[in-house]
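Worksheet for the structure shown next.
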Amino acid sequence: MTAPIDATTTSAWAELAQHKVELKPDLRGWFAADAQRAQRFSFDLADLHVDLSKNLIDDDILAALVRLGEQTGVTERFARMLSGVHINTTEDRAVLHTALRRPAGIQPALVVDGQDVDAEVHDVLARMRAFADRVREGSWKGVTGKKVTHVVNIGIGGSDLGPVMVYEALKPYADAGIEARFISNIDPTDLAQTTADLDPATTLFIVASKTFTTLETLTNARLARDWLWQGLQKAGAIDGSDEAKKDAVAHHFVAVSTALEKVAAFGIDTDNAFGFWDWVGGRYSVDSAIGLSLELALGPDAFEELLAGYHAVDLHVASTPLAQNVPMLMGLLNVWYNNFLGAQSHAVLPYAQLLHRFPAYLQQLTMESNGKSVRWDGSPVTTDTGEVFWGEPGTNGQHAFYQLIHQGTRLIPADFIGFANPAYPLQDGDRDVHGLFLANFLAQTKALAFGKTAAEVEAEGTTGPLVAARTFSGNRPTTSIFAPALTPRVLGELIALYEHITFTQGAVWGINSFDQWGVELGKQLALQIAPAIEGDADALAAQDGSTRGLLEYYATHRK
Ligand code: F6P
């Protein structure tokens, strides 16, 4: 195991600390003094245009950040990741989500731990395509001979958030009369509401779970199986025999997992199961078979375009020097805000309604990856790590929380994401509504950067205490990301961009961004508490006072 380099002991860290002391943020002045600022700090990455110029940086700060990346070995760690070194040390695993999107035929083939990774990835992709073709054209039929019209993905975390986010983003590409739905929460409301108007005869369930042990997913899968059997029996489509039930599962359930023996134990034929590998982290898995619901609803071509977008960004990161490496620069910028300027959160604000689940998706990607207090060798971190990611699509956010970003006391760096062409080009009279939408994007980033001085407020006729209330400090940093349109390829590029931003931050901090031990304790305790909920007196007595009190409240109030 390579020992992590302590970023805080590097000369670049000391330089940045000095820059922080000397920093006098002045985006107005910086733009006025440098007509080339926007161009110099803008980058093109595949189809993405990324403008970093409204960030609190100058050439010296950016150069120091690049040196920090160099001195902490970010590029080398990325190369180790790509080649299959077990950089996920706590689980002793390679980290190879980038292999999921390598096109077929690259030489030399990627062989890791004796496994021909390329061959296995493309074998599963071919099986997914063949299955998707059958379902989409209707030759795969439900137990009563009807075509599938609804695909319900049952999964949680990485086995849910990615598919939901991508499906919502690319819904305009759904072209086969198949609607995808998603059940994740163990709150029975989720399954009850999602299935309420579905016909079991035309519904296909995908049980998506890397481990196939997740309580929520397996519980929901059993509930869905009961719903299927009961619905089919009620309709007279099957009798109650074990044989008929088995047949119904064979026609209406498929699975995606790394644990195919557990899939079989659940009763799903492994011929109808799609595998992936322990070197794909859940939050990095939407581009694996976990994306099966997308292949079915959006089509294999759209899915493969998504993968091509990811790959274009992977290539950029692997082959571009740090000073022009967009995801790495953005990751280093986040380090600047987190560790030197005191930011505790980061807003992601898509100006695209279709990206309404993108911030939620990024919350798992970034916070499950970088919410760590120890480094990859088990030693304590030497500085703050993962910030809180959050956001909502514009313009809804403008009427909710932007007030705090504009005039609050906290520094909140924000990424604005917009597209030149809308999915639905509607006109309001002779006005292009999408143009008006983008005018809001530009207005917000401008207001955040340049603010409004007291003199400007007064010049509009405001006097007294209202002047201060109407003044905007400006110098609130934003990154603007534009793309031509929200296509599958562009979405793949965006996801890969954030994957590698996350990677870069983790590498600087010396943490393992690919494990998630922090979610385990709650899972264990839920299993210990469950008997107390069912009335087990010993389990109740074993609880702490607060938990016992809440359990007693539950016991008293449940009907
Ligand atoms: O929340 C923890 C976690 O392990 C995530 O990392 C993962 O995406 C999710 O649970 C679901 O896990 P699985 O796909 O194994 O059901």
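So you can find residues: chains in the structure tokens are A, B, ... in the order shown, residues in each start at 1, and ligands are numbered from 1 in order.
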
> Hey, which residues come within 6 Å of ligand 1 if we count only C-alpha atoms and all ligand atoms? Could you give them as an NGL selection string?
Replying inline: :A and (156-159 or 209-212 or 214 or 282-283 or 519)

Output for the residues just chosen: N, CA and C atoms as a CSV table (one decimal), in the first residue's frame:
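For reference, result.csv as written:
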chain,number,residue,atom,x,y,z
A,156,ILE,N,-31.5,0.4,-4.2
A,156,ILE,CA,-31.4,1.5,-3.4
A,156,ILE,C,-30.0,2.0,-3.5
A,157,GLY,N,-29.7,3.3,-3.1
A,157,GLY,CA,-28.4,3.8,-3.2
A,157,GLY,C,-27.9,3.8,-4.7
A,158,GLY,N,-26.7,3.3,-4.9
A,158,GLY,CA,-26.2,3.3,-6.2
A,158,GLY,C,-27.0,2.4,-7.2
A,159,SER,N,-27.8,1.5,-6.6
A,159,SER,CA,-28.6,0.6,-7.5
A,159,SER,C,-30.0,1.3,-7.8
A,209,SER,N,-29.2,-5.2,-7.1
A,209,SER,CA,-28.5,-5.1,-5.9
A,209,SER,C,-27.1,-5.7,-6.1
A,210,LYS,N,-26.1,-4.9,-5.9
A,210,LYS,CA,-24.7,-5.4,-6.0
A,210,LYS,C,-24.5,-6.6,-5.1
A,211,THR,N,-24.9,-6.5,-3.9
A,211,THR,CA,-24.6,-7.6,-2.9
A,211,THR,C,-25.7,-8.6,-2.8
A,212,PHE,N,-26.9,-8.2,-3.2
A,212,PHE,CA,-28.1,-9.0,-3.1
A,212,PHE,C,-28.4,-9.4,-1.6
A,214,THR,N,-29.1,-6.4,0.5
A,214,THR,CA,-29.6,-5.2,1.1
A,214,THR,C,-31.1,-5.3,1.6
A,282,GLY,N,-21.0,0.8,-5.9
A,282,GLY,CA,-22.5,1.1,-6.1
A,282,GLY,C,-22.7,2.4,-6.7
A,283,ARG,N,-22.1,3.5,-6.2
A,283,ARG,CA,-22.4,4.8,-6.7
A,283,ARG,C,-21.7,5.1,-8.0
A,519,VAL,N,-21.9,3.5,6.5
A,519,VAL,CA,-23.3,3.2,6.4
A,519,VAL,C,-23.6,1.9,7.2

>> Just want the 6 Å neighbourhood of Val256 (chain A), counted on only C-alpha atoms, with same-chain residues fewer than 2 positions away dropped. Output as a ChimeraX atom specification.
In response: /A:208,273-275

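A straight line drawn from CA of Leu307 (chain A) to CA of Gly492 (chain A) is 6.1 Å long.
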
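Between Val111 (chain A) and the residues A:Ser83, A:Thr258, A:Ala94, A:Asp44, the shortest atom-to-atom distance, using only C-alpha atoms, involves A:Ser83.
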
> Which residues, written as a list in words, have at least one atom at most 9 Å from Phe450 (chain A), with only C-alpha atoms counted and residues fewer than 3 positions away on the same chain left out?
Replying inline: Asp26, Leu27, Arg28, Thr445, Lys446, Ala447, Thr453, Phe472, Ser473, Gly474, Asn475 and Arg476 of chain A

Take the residues from that selection and write them out as a PDB file, in the first residue's frame, keeping N, CA and C atoms.
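Below is the file result.pdb, written as the result:
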ATOM      1  N   ASP A  26     -12.002  40.195  -5.745  1.00  0.00           N
ATOM      2  CA  ASP A  26     -12.447  41.377  -6.480  1.00  0.00           C
ATOM      3  C   ASP A  26     -12.764  40.981  -7.926  1.00  0.00           C
ATOM      4  N   LEU A  27     -13.838  40.195  -8.083  1.00  0.00           N
ATOM      5  CA  LEU A  27     -14.139  39.725  -9.442  1.00  0.00           C
ATOM      6  C   LEU A  27     -14.416  40.906 -10.380  1.00  0.00           C
ATOM      7  N   ARG A  28     -15.021  41.971  -9.863  1.00  0.00           N
ATOM      8  CA  ARG A  28     -15.236  43.149 -10.722  1.00  0.00           C
ATOM      9  C   ARG A  28     -13.906  43.683 -11.247  1.00  0.00           C
ATOM     10  N   THR A 445     -25.440  34.042 -12.117  1.00  0.00           N
ATOM     11  CA  THR A 445     -23.979  33.937 -11.982  1.00  0.00           C
ATOM     12  C   THR A 445     -23.347  35.341 -12.001  1.00  0.00           C
ATOM     13  N   LYS A 446     -23.964  36.233 -12.747  1.00  0.00           N
ATOM     14  CA  LYS A 446     -23.460  37.607 -12.809  1.00  0.00           C
ATOM     15  C   LYS A 446     -23.683  38.326 -11.469  1.00  0.00           C
ATOM     16  N   ALA A 447     -24.895  38.174 -10.923  1.00  0.00           N
ATOM     17  CA  ALA A 447     -25.199  38.824  -9.635  1.00  0.00           C
ATOM     18  C   ALA A 447     -24.279  38.274  -8.543  1.00  0.00           C
ATOM     19  N   THR A 453     -23.225  47.425  -5.551  1.00  0.00           N
ATOM     20  CA  THR A 453     -22.630  48.228  -4.474  1.00  0.00           C
ATOM     21  C   THR A 453     -23.679  49.148  -3.855  1.00  0.00           C
ATOM     22  N   PHE A 472     -25.445  43.882  -2.587  1.00  0.00           N
ATOM     23  CA  PHE A 472     -24.942  42.506  -2.801  1.00  0.00           C
ATOM     24  C   PHE A 472     -23.421  42.569  -2.814  1.00  0.00           C
ATOM     25  N   SER A 473     -22.798  41.745  -1.979  1.00  0.00           N
ATOM     26  CA  SER A 473     -21.329  41.827  -1.884  1.00  0.00           C
ATOM     27  C   SER A 473     -20.637  41.377  -3.166  1.00  0.00           C
ATOM     28  N   GLY A 474     -21.252  40.443  -3.900  1.00  0.00           N
ATOM     29  CA  GLY A 474     -20.544  39.842  -5.037  1.00  0.00           C
ATOM     30  C   GLY A 474     -19.418  38.957  -4.545  1.00  0.00           C
ATOM     31  N   ASN A 475     -18.525  38.566  -5.469  1.00  0.00           N
ATOM     32  CA  ASN A 475     -17.401  37.677  -5.144  1.00  0.00           C
ATOM     33  C   ASN A 475     -17.867  36.341  -4.579  1.00  0.00           C
ATOM     34  N   ARG A 476     -19.017  35.908  -5.028  1.00  0.00           N
ATOM     35  CA  ARG A 476     -19.525  34.586  -4.631  1.00  0.00           C
ATOM     36  C   ARG A 476     -19.287  33.668  -5.828  1.00  0.00           C
TER      37      ARG A 476
END

Listing only residues of region 427-455 of chain A within 12 Å of region 326-350 of chain A, what is the closest atom pair and its distance in Å (to one decimal) for each, using only C-alpha atoms, sorted by chain and residue number ascending, as a tab-separated table?
residue	atom	partner	partner_atom	distance
A:Phe437	CA	A:Pro350	CA	11.2
A:Leu438	CA	A:Pro350	CA	10.7
A:Asn440	CA	A:Pro350	CA	11.7
A:Phe441	CA	A:Pro350	CA	9.1
A:Gln444	CA	A:Leu349	CA	10.7
A:Thr445	CA	A:Leu349	CA	10.8

>> as a list in words, please: the residues near region 200-205 of chain A (cut-off 8 Å, only C-alpha atoms, same-chain neighbours under 2 positions excluded).
In response: Gly142, Val143, Thr144, Lys146, Lys147, Val148, Thr149, His150, Val151, Val152, Asn153, Ile154, Leu198, Val207, Ala224, Trp227, Leu228, Gly231, Leu232, His251, His252, Phe253 and Val254 of chain A

>> According to DSSP computed on the backbone, where in region 216-371 of chain A is there alpha helix (DSSP H)? Give the residues as a PyMOL selection string.
In response: chain A and resi 216-234+242-252+260-266+292-298+300-319+326-335+358-362+369-370

Export of the given selection (C-alpha atoms) as a PDB file, in the first residue's frame:
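Output below, filename selection18.pdb:
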ATOM      1  CA  GLU A 216     -34.609  -2.617   1.647  1.00  0.00           C
ATOM      2  CA  THR A 217     -34.189  -4.181  -1.765  1.00  0.00           C
ATOM      3  CA  LEU A 218     -34.826  -7.777  -0.748  1.00  0.00           C
ATOM      4  CA  THR A 219     -37.871  -6.792   1.303  1.00  0.00           C
ATOM      5  CA  ASN A 220     -39.272  -4.790  -1.609  1.00  0.00           C
ATOM      6  CA  ALA A 221     -38.483  -7.631  -4.027  1.00  0.00           C
ATOM      7  CA  ARG A 222     -40.485 -10.063  -1.862  1.00  0.00           C
ATOM      8  CA  LEU A 223     -43.352  -7.578  -1.618  1.00  0.00           C
ATOM      9  CA  ALA A 224     -43.280  -7.126  -5.399  1.00  0.00           C
ATOM     10  CA  ARG A 225     -43.329 -10.892  -5.901  1.00  0.00           C
ATOM     11  CA  ASP A 226     -46.380 -11.179  -3.648  1.00  0.00           C
ATOM     12  CA  TRP A 227     -48.027  -8.299  -5.528  1.00  0.00           C
ATOM     13  CA  LEU A 228     -47.360 -10.103  -8.818  1.00  0.00           C
ATOM     14  CA  TRP A 229     -48.698 -13.453  -7.644  1.00  0.00           C
ATOM     15  CA  GLN A 230     -51.781 -11.957  -6.025  1.00  0.00           C
ATOM     16  CA  GLY A 231     -52.543  -9.764  -9.049  1.00  0.00           C
ATOM     17  CA  LEU A 232     -52.154 -12.602 -11.531  1.00  0.00           C
ATOM     18  CA  GLN A 233     -54.218 -14.965  -9.406  1.00  0.00           C
ATOM     19  CA  LYS A 234     -56.951 -12.370  -8.945  1.00  0.00           C
ATOM     20  CA  ASP A 242     -45.778 -23.435  -6.811  1.00  0.00           C
ATOM     21  CA  GLU A 243     -45.200 -24.277 -10.453  1.00  0.00           C
ATOM     22  CA  ALA A 244     -47.393 -21.409 -11.657  1.00  0.00           C
ATOM     23  CA  LYS A 245     -45.754 -18.980  -9.246  1.00  0.00           C
ATOM     24  CA  LYS A 246     -42.298 -20.036 -10.393  1.00  0.00           C
ATOM     25  CA  ASP A 247     -43.332 -19.517 -13.986  1.00  0.00           C
ATOM     26  CA  ALA A 248     -44.676 -16.046 -13.171  1.00  0.00           C
ATOM     27  CA  VAL A 249     -41.356 -15.069 -11.562  1.00  0.00           C
ATOM     28  CA  ALA A 250     -39.472 -16.376 -14.592  1.00  0.00           C
ATOM     29  CA  HIS A 251     -41.497 -14.085 -16.869  1.00  0.00           C
ATOM     30  CA  HIS A 252     -41.648 -11.005 -14.635  1.00  0.00           C
ATOM     31  CA  LEU A 260     -25.579 -14.622  -8.778  1.00  0.00           C
ATOM     32  CA  GLU A 261     -25.910 -17.521  -6.303  1.00  0.00           C
ATOM     33  CA  LYS A 262     -28.059 -15.270  -4.082  1.00  0.00           C
ATOM     34  CA  VAL A 263     -30.149 -14.316  -7.128  1.00  0.00           C
ATOM     35  CA  ALA A 264     -30.837 -18.007  -7.715  1.00  0.00           C
ATOM     36  CA  ALA A 265     -31.727 -18.507  -4.051  1.00  0.00           C
ATOM     37  CA  PHE A 266     -34.361 -15.778  -4.412  1.00  0.00           C
ATOM     38  CA  LEU A 292     -30.585  -2.276 -17.398  1.00  0.00           C
ATOM     39  CA  SER A 293     -33.811  -0.313 -16.860  1.00  0.00           C
ATOM     40  CA  LEU A 294     -32.299   2.419 -19.055  1.00  0.00           C
ATOM     41  CA  GLU A 295     -31.480  -0.023 -21.833  1.00  0.00           C
ATOM     42  CA  LEU A 296     -35.071  -1.230 -21.759  1.00  0.00           C
ATOM     43  CA  ALA A 297     -36.792   2.153 -21.674  1.00  0.00           C
ATOM     44  CA  LEU A 298     -34.344   4.316 -23.633  1.00  0.00           C
ATOM     45  CA  PRO A 300     -29.293   0.138 -26.158  1.00  0.00           C
ATOM     46  CA  ASP A 301     -28.122   2.836 -28.562  1.00  0.00           C
ATOM     47  CA  ALA A 302     -28.842   5.588 -26.060  1.00  0.00           C
ATOM     48  CA  PHE A 303     -27.102   3.564 -23.337  1.00  0.00           C
ATOM     49  CA  GLU A 304     -24.029   3.057 -25.479  1.00  0.00           C
ATOM     50  CA  GLU A 305     -23.936   6.779 -26.295  1.00  0.00           C
ATOM     51  CA  LEU A 306     -24.009   7.447 -22.558  1.00  0.00           C
ATOM     52  CA  LEU A 307     -20.986   5.166 -22.148  1.00  0.00           C
ATOM     53  CA  ALA A 308     -19.200   6.912 -25.021  1.00  0.00           C
ATOM     54  CA  GLY A 309     -19.664  10.235 -23.236  1.00  0.00           C
ATOM     55  CA  TYR A 310     -18.133   8.857 -20.049  1.00  0.00           C
ATOM     56  CA  HIS A 311     -15.217   7.441 -22.000  1.00  0.00           C
ATOM     57  CA  ALA A 312     -14.448  10.749 -23.729  1.00  0.00           C
ATOM     58  CA  VAL A 313     -13.985  12.348 -20.302  1.00  0.00           C
ATOM     59  CA  ASP A 314     -11.950   9.390 -18.995  1.00  0.00           C
ATOM     60  CA  LEU A 315      -9.582   9.837 -21.921  1.00  0.00           C
ATOM     61  CA  HIS A 316      -9.253  13.551 -21.218  1.00  0.00           C
ATOM     62  CA  VAL A 317      -8.431  12.926 -17.561  1.00  0.00           C
ATOM     63  CA  ALA A 318      -5.956  10.176 -18.371  1.00  0.00           C
ATOM     64  CA  SER A 319      -4.067  12.141 -21.011  1.00  0.00           C
ATOM     65  CA  VAL A 326     -10.801  20.066 -16.260  1.00  0.00           C
ATOM     66  CA  PRO A 327     -12.144  17.536 -13.712  1.00  0.00           C
ATOM     67  CA  MET A 328      -8.878  17.684 -11.772  1.00  0.00           C
ATOM     68  CA  LEU A 329      -8.887  21.497 -11.809  1.00  0.00           C
ATOM     69  CA  MET A 330     -12.457  21.512 -10.550  1.00  0.00           C
ATOM     70  CA  GLY A 331     -11.555  19.034  -7.804  1.00  0.00           C
ATOM     71  CA  LEU A 332      -8.589  21.189  -6.800  1.00  0.00           C
ATOM     72  CA  LEU A 333     -10.813  24.278  -6.787  1.00  0.00           C
ATOM     73  CA  ASN A 334     -13.114  22.475  -4.359  1.00  0.00           C
ATOM     74  CA  VAL A 335     -10.088  21.829  -2.134  1.00  0.00           C
ATOM     75  CA  PHE A 358     -28.815  15.113 -10.583  1.00  0.00           C
ATOM     76  CA  PRO A 359     -28.034  16.801  -7.235  1.00  0.00           C
ATOM     77  CA  ALA A 360     -29.453  13.796  -5.337  1.00  0.00           C
ATOM     78  CA  TYR A 361     -27.341  11.472  -7.473  1.00  0.00           C
ATOM     79  CA  LEU A 362     -24.259  13.602  -6.779  1.00  0.00           C
ATOM     80  CA  SER A 369     -17.043   8.774  -1.463  1.00  0.00           C
ATOM     81  CA  ASN A 370     -15.394  11.588   0.457  1.00  0.00           C
TER      82      ASN A 370
END

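Our summary of the geometry notes that CA of Ala420 (chain A) is positioned 5.9 Å from CA of Ala485 (chain A).
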
> When DSSP works through the backbone of this structure, what residues of region 389-489 of chain A end up as strand (DSSP E or B), shown as a ChimeraX atom specification?
Replying inline: /A:389-390,414-421,427-428,431-432,452,472,478-485

Where does region 50-169 of chain A meet region 284-291 of chain A within 8 Å, residue by residue, with the nearest atom pair and distance in Å to one decimal for each, counting only C-alpha atoms, listed by chain and rising number, as JSON lines?
{"residue": "A:His97", "atom": "CA", "partner": "A:Tyr284", "partner_atom": "CA", "distance": 6.2}
{"residue": "A:Leu100", "atom": "CA", "partner": "A:Ser288", "partner_atom": "CA", "distance": 6.2}
{"residue": "A:Arg101", "atom": "CA", "partner": "A:Asp287", "partner_atom": "CA", "distance": 7.3}
{"residue": "A:Val124", "atom": "CA", "partner": "A:Ala289", "partner_atom": "CA", "distance": 7.3}
{"residue": "A:Leu125", "atom": "CA", "partner": "A:Ala289", "partner_atom": "CA", "distance": 7.4}
{"residue": "A:Met128", "atom": "CA", "partner": "A:Ala289", "partner_atom": "CA", "distance": 7.2}
{"residue": "A:Gly158", "atom": "CA", "partner": "A:Ser285", "partner_atom": "CA", "distance": 6.5}
{"residue": "A:Ser159", "atom": "CA", "partner": "A:Ile290", "partner_atom": "CA", "distance": 6.1}
{"residue": "A:Gly162", "atom": "CA", "partner": "A:Val286", "partner_atom": "CA", "distance": 5.1}
{"residue": "A:Pro163", "atom": "CA", "partner": "A:Gly291", "partner_atom": "CA", "distance": 5.7}

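Taking only C-alpha atoms, the non-local environment of Thr383 (chain A) within 10 Å (same-chain residues fewer than 4 positions away omitted) comprises Asp6, Ala7, Thr8, Asn338, Asn339, Ser373 and Trp509 of chain A.
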
> Got a sec: who's within 7 Å of Phe41 (chain A), counting only C-alpha atoms, leaving out chain neighbours fewer than 4 positions off, as JSON, numbers by chain?
Replying inline: {"A": [37, 51, 52, 53]}

Those selected residues, please, written with C-alpha atoms and delivered as a compact mmCIF listing (two decimals), in the first residue's frame.
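Output saved as out.txt:
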# COMPACT_ATOMS: atom_id res chain seq x y z
CA ARG A 37 -9.94 36.42 -17.99
CA ASP A 51 -16.04 28.52 -17.48
CA LEU A 52 -14.07 28.79 -14.25
CA SER A 53 -13.50 32.54 -14.56

>> Which residue is closest to Asp123 (chain A)? Choose from A:Ala104, A:Ala192, A:Ala530, A:Leu365 and count only C-alpha atoms.
In response: A:Ala104
